[in-house]
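Asks: Following this message is one structure expressed as C-alpha cells.
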Amino acid sequence: MNIHEYQGKQILKSFGVRIQEGIVADTPEQAVEAAKKLKEDYNSDWVVIKAQIHAGGRGKGGGVKLAKNLEEVKQRATDIIGMQLVTPQTGPEGKKVNKVLVAQDVYYPGNSDTKEFYVSVLLNRSTGKNIIMYSTEGGMDIEEVAEHTPHLIFKEEIDPKVGLQGFQTRKIAFNLGLSGAAFKDMTKFIAALYKAYEATDSSMFEINPVLKTSDDKILAVDAKVNLDDNALFRHPDYAAMRDTTEEDPTEVEASASNLNYVKLDGNVGCMVNGAGLAMATMDIIKIAGGEPANFLDVGGTANATTVKAAFQIILKDPKVEAILINIFGGIVRCDRVAQGVIDAYTEMGNIKVPIIVRLQGTNAVEAKKLIDESGLKVFSAILLKEAADLVSEVLA
C-alpha cells in the first residue's frame, strides 16, 4: 500500500528520524495558515508547496514550488490544488492533486554547503535479506544514476539474524563523504530509518533527497513509503492512511470483493484462481494472438457471488473483446464454479462479449457438461490448448 509523503514523514518522525517539517492543506487558505504556523514554529520565511500524489517526479511536472511570501503561498497552492499533475510515473493521463504539503525551508544559509543524498531500504528477494541502497547523488533520478554512473550506487546488506550493526551505519556515512557532526547524525539517521522500515512491515522506504543542512543536520526532505498489504492487520493505524482516490477505482472495487485485480492494456479479460495460473493464462492469451486486459485472481473459493463481481469488473473495461475463465478445481469443485458462472451470467443478463470457460480438476467433465447444456453463449474447454484455440477463434 502506497501512502503520501506527509504520511510517510509522520511515520519516520515517530521513530526518531529528523524530517523536513510540514503541514498538509486541502485549500489555498489552509496553505496560507500552514505557512504562518511554520514561520511561528520554525522561523521559516520561505516554504515549499508540494503536491501530494502517489507518484514520483512531481517537481518535473510542476507539482513542487517555492513560495517566498504569503501571497506566493496562496498563488502556488491555487495553481497546484486541483491540477492534473503529469509525471514520468503517472503516465500521460496524470493524477489529480487534492492536497498539498506546505513544508519548511531547509536550504537555509550557514557555515557549510548543503548536500543531497539518496537512501532507500528494501528487500533483496534474491538473498532474502534487507539492503540499504544509497548514493551521493541525491535529488536526481536514481535510475539514471544507476545506468550511467553505477559506481556511485552503494549497497549495504543486513543479516536478519543480527540486524543492522553500528559499523554498517558508520560505513554508510563514510561512503557518503561525511565527517564531524554530520557523520554522527547520519549514523543516527540510518539506524532510525532502518528501525522504522522493520517495525512498520514496509516493503520499501525511499528518501530522496536526504539532506545535510548548512549546520550539519541530516533530515528527510521526501519520503516514499510502500507498506506490505499482508501485514496491515498488525497496523490498523497505517491501514487507515489508505487514500483510495489515488488508486484505480476498479482495483478499489475488486479489493472490496476480495479479488486480486490489476488492469492491463489488452483485449482479453482473465478470470483465474491462483497467481501462477494467472501468469500462465496471460501467456496463453498472447500465444493465441490476444493481449491480456487484466490480472484477476478470484482465489480458491470461487462461487456465484465472486464470479459475478469478477464479471462486472472485467466488463467495465471497454477494450475487452472476450473473457477467458481458467479455473483449476483443487480446493473448489469445477462443477460448483461452472454453476457459479451460469448463475452469474443469468443474473447479469446478456453479456455481449464471448466467454471461454476452461475448468480442470475435480469434476471437470461434469462442469463441462453443465456449461454445454446451459444454453448460454459460453464456450467450454478442459485442456489449456483448447482454451487457447477458442480465444483465437472468437478474436478472429
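Residue numbering restarts at 1 for every chain of the C-alpha cells, chains are lettered A, B, ... in their displayed order, and ligands are numbered from 1 as they appear.
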Using only C-alpha atoms, which residues sit within 12 Å of stretch 58-73 of chain A once same-chain residues fewer than 5 positions away are excluded, as a ChimeraX atom specification?
Replies: /A:5,25,27-39,44-53,78-92,94-107,139-141,222
Asks: I need the residues of stretch 8-246 of chain A that end up classed as strand (DSSP E) by DSSP on the backbone, written out as number ranges by chain.
Replies: A: 22-25, 47-51, 64-67, 84-85, 95-96, 100-104, 115-124, 129-135, 153-158, 202-212, 218-220, 224-227
Asks: Please produce an output containing C-alpha atoms for each residue in the selection, written as a short mmCIF file (atom, residue, chain, number, x, y, z; two decimals), in the first residue's frame.
Replies:
```cif
data_model
loop_
_atom_site.label_atom_id
_atom_site.label_comp_id
_atom_site.auth_asym_id
_atom_site.auth_seq_id
_atom_site.Cartn_x
_atom_site.Cartn_y
_atom_site.Cartn_z
CA GLY A 22 5.31 20.49 7.11
CA ILE A 23 1.54 20.84 7.34
CA VAL A 24 -0.92 19.33 4.87
CA ALA A 25 -3.56 21.61 3.31
CA VAL A 47 8.08 27.45 2.31
CA VAL A 48 7.77 24.74 -0.32
CA ILE A 49 4.36 23.79 -1.72
CA LYS A 50 4.41 20.09 -2.63
CA ALA A 51 1.63 18.22 -4.43
CA VAL A 64 6.69 21.38 -6.25
CA LYS A 65 7.05 25.16 -5.96
CA LEU A 66 8.93 27.54 -3.68
CA ALA A 67 6.95 30.37 -2.09
CA GLN A 84 -3.91 17.16 -13.28
CA LEU A 85 -0.26 16.51 -12.49
CA LYS A 95 -3.22 12.37 -11.41
CA LYS A 96 -5.46 14.98 -9.85
CA VAL A 100 -0.55 19.88 -0.81
CA LEU A 101 2.13 19.72 1.84
CA VAL A 102 3.37 23.12 2.96
CA ALA A 103 6.95 22.37 4.09
CA GLN A 104 9.58 24.41 5.88
CA LYS A 115 24.35 18.34 0.23
CA GLU A 116 21.71 15.92 -1.06
CA PHE A 117 21.92 12.12 -0.79
CA TYR A 118 19.77 9.17 -1.80
CA VAL A 119 18.89 6.46 0.74
CA SER A 120 16.42 3.59 0.49
CA VAL A 121 15.70 0.41 2.44
CA LEU A 122 14.14 -2.57 0.70
CA LEU A 123 14.17 -6.35 0.45
CA ASN A 124 16.69 -8.14 -1.75
CA LYS A 129 17.91 -10.04 3.20
CA ASN A 130 17.17 -6.35 3.57
CA ILE A 131 19.52 -3.91 1.90
CA ILE A 132 20.22 -0.22 2.33
CA MET A 133 20.91 1.35 -1.06
CA TYR A 134 22.48 4.80 -1.00
CA SER A 135 24.26 7.32 -3.17
CA ILE A 153 25.43 3.44 -6.04
CA PHE A 154 26.36 1.69 -2.76
CA LYS A 155 24.57 -1.24 -1.13
CA GLU A 156 24.73 -2.49 2.43
CA GLU A 157 23.12 -5.88 3.10
CA ILE A 158 21.76 -6.62 6.58
CA SER A 202 7.26 -1.97 4.95
CA SER A 203 8.39 -3.27 1.58
CA MET A 204 10.24 -0.03 0.79
CA PHE A 205 11.36 3.23 2.34
CA GLU A 206 12.89 5.64 -0.18
CA ILE A 207 14.22 9.01 0.95
CA ASN A 208 15.29 11.23 -1.92
CA PRO A 209 16.77 13.52 -1.00
CA VAL A 210 18.29 13.01 2.40
CA LEU A 211 19.70 16.44 3.16
CA LYS A 212 22.79 17.58 5.03
CA ILE A 218 20.69 15.17 8.50
CA LEU A 219 17.00 15.05 7.62
CA ALA A 220 14.46 13.54 5.24
CA LYS A 224 8.24 7.43 -0.48
CA VAL A 225 6.83 4.55 1.56
CA ASN A 226 5.28 1.28 0.49
CA LEU A 227 3.63 -0.76 3.27
#
```
Asks: Report the residues of stretch 175-323 of chain A whose backbone DSSP state falls under alpha helix (DSSP H), written as JSON, numbers by chain.
Replies: {"A": [175, 180, 181, 182, 183, 184, 185, 186, 187, 188, 189, 190, 191, 192, 193, 194, 195, 196, 197, 198, 199, 236, 237, 238, 239, 249, 250, 251, 252, 253, 254, 255, 256, 275, 276, 277, 278, 279, 280, 281, 282, 283, 284, 285, 286, 287, 304, 305, 306, 307, 308, 309, 310, 311, 312, 313, 314, 315]}
Asks: Keeping only C-alpha atoms, write the selected residues to a file as a PDB file, in the first residue's frame.
Replies:
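Just written: result13.pdb:
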```pdb
ATOM      1  CA  ASN A 175      30.968   6.366   1.845  1.00  0.00           C
ATOM      2  CA  GLY A 180      32.250  15.500  12.146  1.00  0.00           C
ATOM      3  CA  ALA A 181      28.733  16.286  13.358  1.00  0.00           C
ATOM      4  CA  ALA A 182      27.166  15.360  10.009  1.00  0.00           C
ATOM      5  CA  PHE A 183      28.853  11.926  10.151  1.00  0.00           C
ATOM      6  CA  LYS A 184      27.431  11.217  13.608  1.00  0.00           C
ATOM      7  CA  ASP A 185      23.995  12.479  12.647  1.00  0.00           C
ATOM      8  CA  MET A 186      23.919  10.300   9.535  1.00  0.00           C
ATOM      9  CA  THR A 187      24.662   7.158  11.568  1.00  0.00           C
ATOM     10  CA  LYS A 188      21.722   8.008  13.840  1.00  0.00           C
ATOM     11  CA  PHE A 189      19.532   8.772  10.805  1.00  0.00           C
ATOM     12  CA  ILE A 190      20.302   5.411   9.141  1.00  0.00           C
ATOM     13  CA  ALA A 191      19.701   3.466  12.356  1.00  0.00           C
ATOM     14  CA  ALA A 192      16.331   5.159  12.945  1.00  0.00           C
ATOM     15  CA  LEU A 193      15.309   4.755   9.302  1.00  0.00           C
ATOM     16  CA  TYR A 194      16.037   1.025   9.365  1.00  0.00           C
ATOM     17  CA  LYS A 195      14.148   0.633  12.623  1.00  0.00           C
ATOM     18  CA  ALA A 196      11.125   2.356  11.042  1.00  0.00           C
ATOM     19  CA  TYR A 197      11.330   0.098   7.986  1.00  0.00           C
ATOM     20  CA  GLU A 198      11.360  -3.094  10.041  1.00  0.00           C
ATOM     21  CA  ALA A 199       8.803  -2.083  12.660  1.00  0.00           C
ATOM     22  CA  PRO A 236      -4.662  -0.578  11.746  1.00  0.00           C
ATOM     23  CA  ASP A 237      -3.398   2.985  12.183  1.00  0.00           C
ATOM     24  CA  TYR A 238      -1.349   2.665   8.989  1.00  0.00           C
ATOM     25  CA  ALA A 239      -4.173   0.884   7.154  1.00  0.00           C
ATOM     26  CA  PRO A 249     -11.399   2.792  -8.999  1.00  0.00           C
ATOM     27  CA  THR A 250     -11.782  -0.671 -10.495  1.00  0.00           C
ATOM     28  CA  GLU A 251      -8.945  -2.022  -8.378  1.00  0.00           C
ATOM     29  CA  VAL A 252     -10.575  -0.495  -5.283  1.00  0.00           C
ATOM     30  CA  GLU A 253     -13.874  -2.196  -6.171  1.00  0.00           C
ATOM     31  CA  ALA A 254     -12.087  -5.506  -6.711  1.00  0.00           C
ATOM     32  CA  SER A 255     -10.354  -5.209  -3.352  1.00  0.00           C
ATOM     33  CA  ALA A 256     -13.747  -4.690  -1.659  1.00  0.00           C
ATOM     34  CA  ALA A 275      -1.374 -16.169  -9.269  1.00  0.00           C
ATOM     35  CA  GLY A 276       0.718 -18.790 -11.042  1.00  0.00           C
ATOM     36  CA  LEU A 277      -2.233 -19.905 -13.139  1.00  0.00           C
ATOM     37  CA  ALA A 278      -2.950 -16.253 -13.920  1.00  0.00           C
ATOM     38  CA  MET A 279       0.538 -15.791 -15.342  1.00  0.00           C
ATOM     39  CA  ALA A 280       0.215 -18.963 -17.433  1.00  0.00           C
ATOM     40  CA  THR A 281      -3.197 -17.804 -18.652  1.00  0.00           C
ATOM     41  CA  MET A 282      -1.818 -14.465 -19.783  1.00  0.00           C
ATOM     42  CA  ASP A 283       0.939 -16.292 -21.660  1.00  0.00           C
ATOM     43  CA  ILE A 284      -1.651 -18.497 -23.406  1.00  0.00           C
ATOM     44  CA  ILE A 285      -3.668 -15.428 -24.426  1.00  0.00           C
ATOM     45  CA  LYS A 286      -0.595 -13.864 -26.020  1.00  0.00           C
ATOM     46  CA  ILE A 287       0.269 -17.113 -27.816  1.00  0.00           C
ATOM     47  CA  ALA A 304     -21.513 -17.283  -7.958  1.00  0.00           C
ATOM     48  CA  THR A 305     -21.002 -14.109  -5.911  1.00  0.00           C
ATOM     49  CA  THR A 306     -17.275 -13.769  -6.613  1.00  0.00           C
ATOM     50  CA  VAL A 307     -17.718 -14.777 -10.262  1.00  0.00           C
ATOM     51  CA  LYS A 308     -20.424 -12.148 -10.724  1.00  0.00           C
ATOM     52  CA  ALA A 309     -18.247  -9.464  -9.115  1.00  0.00           C
ATOM     53  CA  ALA A 310     -15.338 -10.502 -11.350  1.00  0.00           C
ATOM     54  CA  PHE A 311     -17.542 -10.342 -14.460  1.00  0.00           C
ATOM     55  CA  GLN A 312     -18.724  -6.850 -13.573  1.00  0.00           C
ATOM     56  CA  ILE A 313     -15.176  -5.607 -13.022  1.00  0.00           C
ATOM     57  CA  ILE A 314     -13.814  -7.099 -16.247  1.00  0.00           C
ATOM     58  CA  LEU A 315     -16.726  -5.783 -18.326  1.00  0.00           C
TER      59      LEU A 315
END
```
Asks: Using only C-alpha atoms, which protein or nucleic acid residues come within 10 Å of stretch 326-332 of chain A? Drop anything in the same chain fewer than 5 positions from it, and give the result as a count of residues only.
Replies: 31
Asks: Rounded to one decimal, what separation in Å do you get between atom CA of A:Gly138 and atom CA of A:Ile3?
Replies: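 Atom CA of A:Gly138 sits 21.2 Å away from atom CA of A:Ile3.
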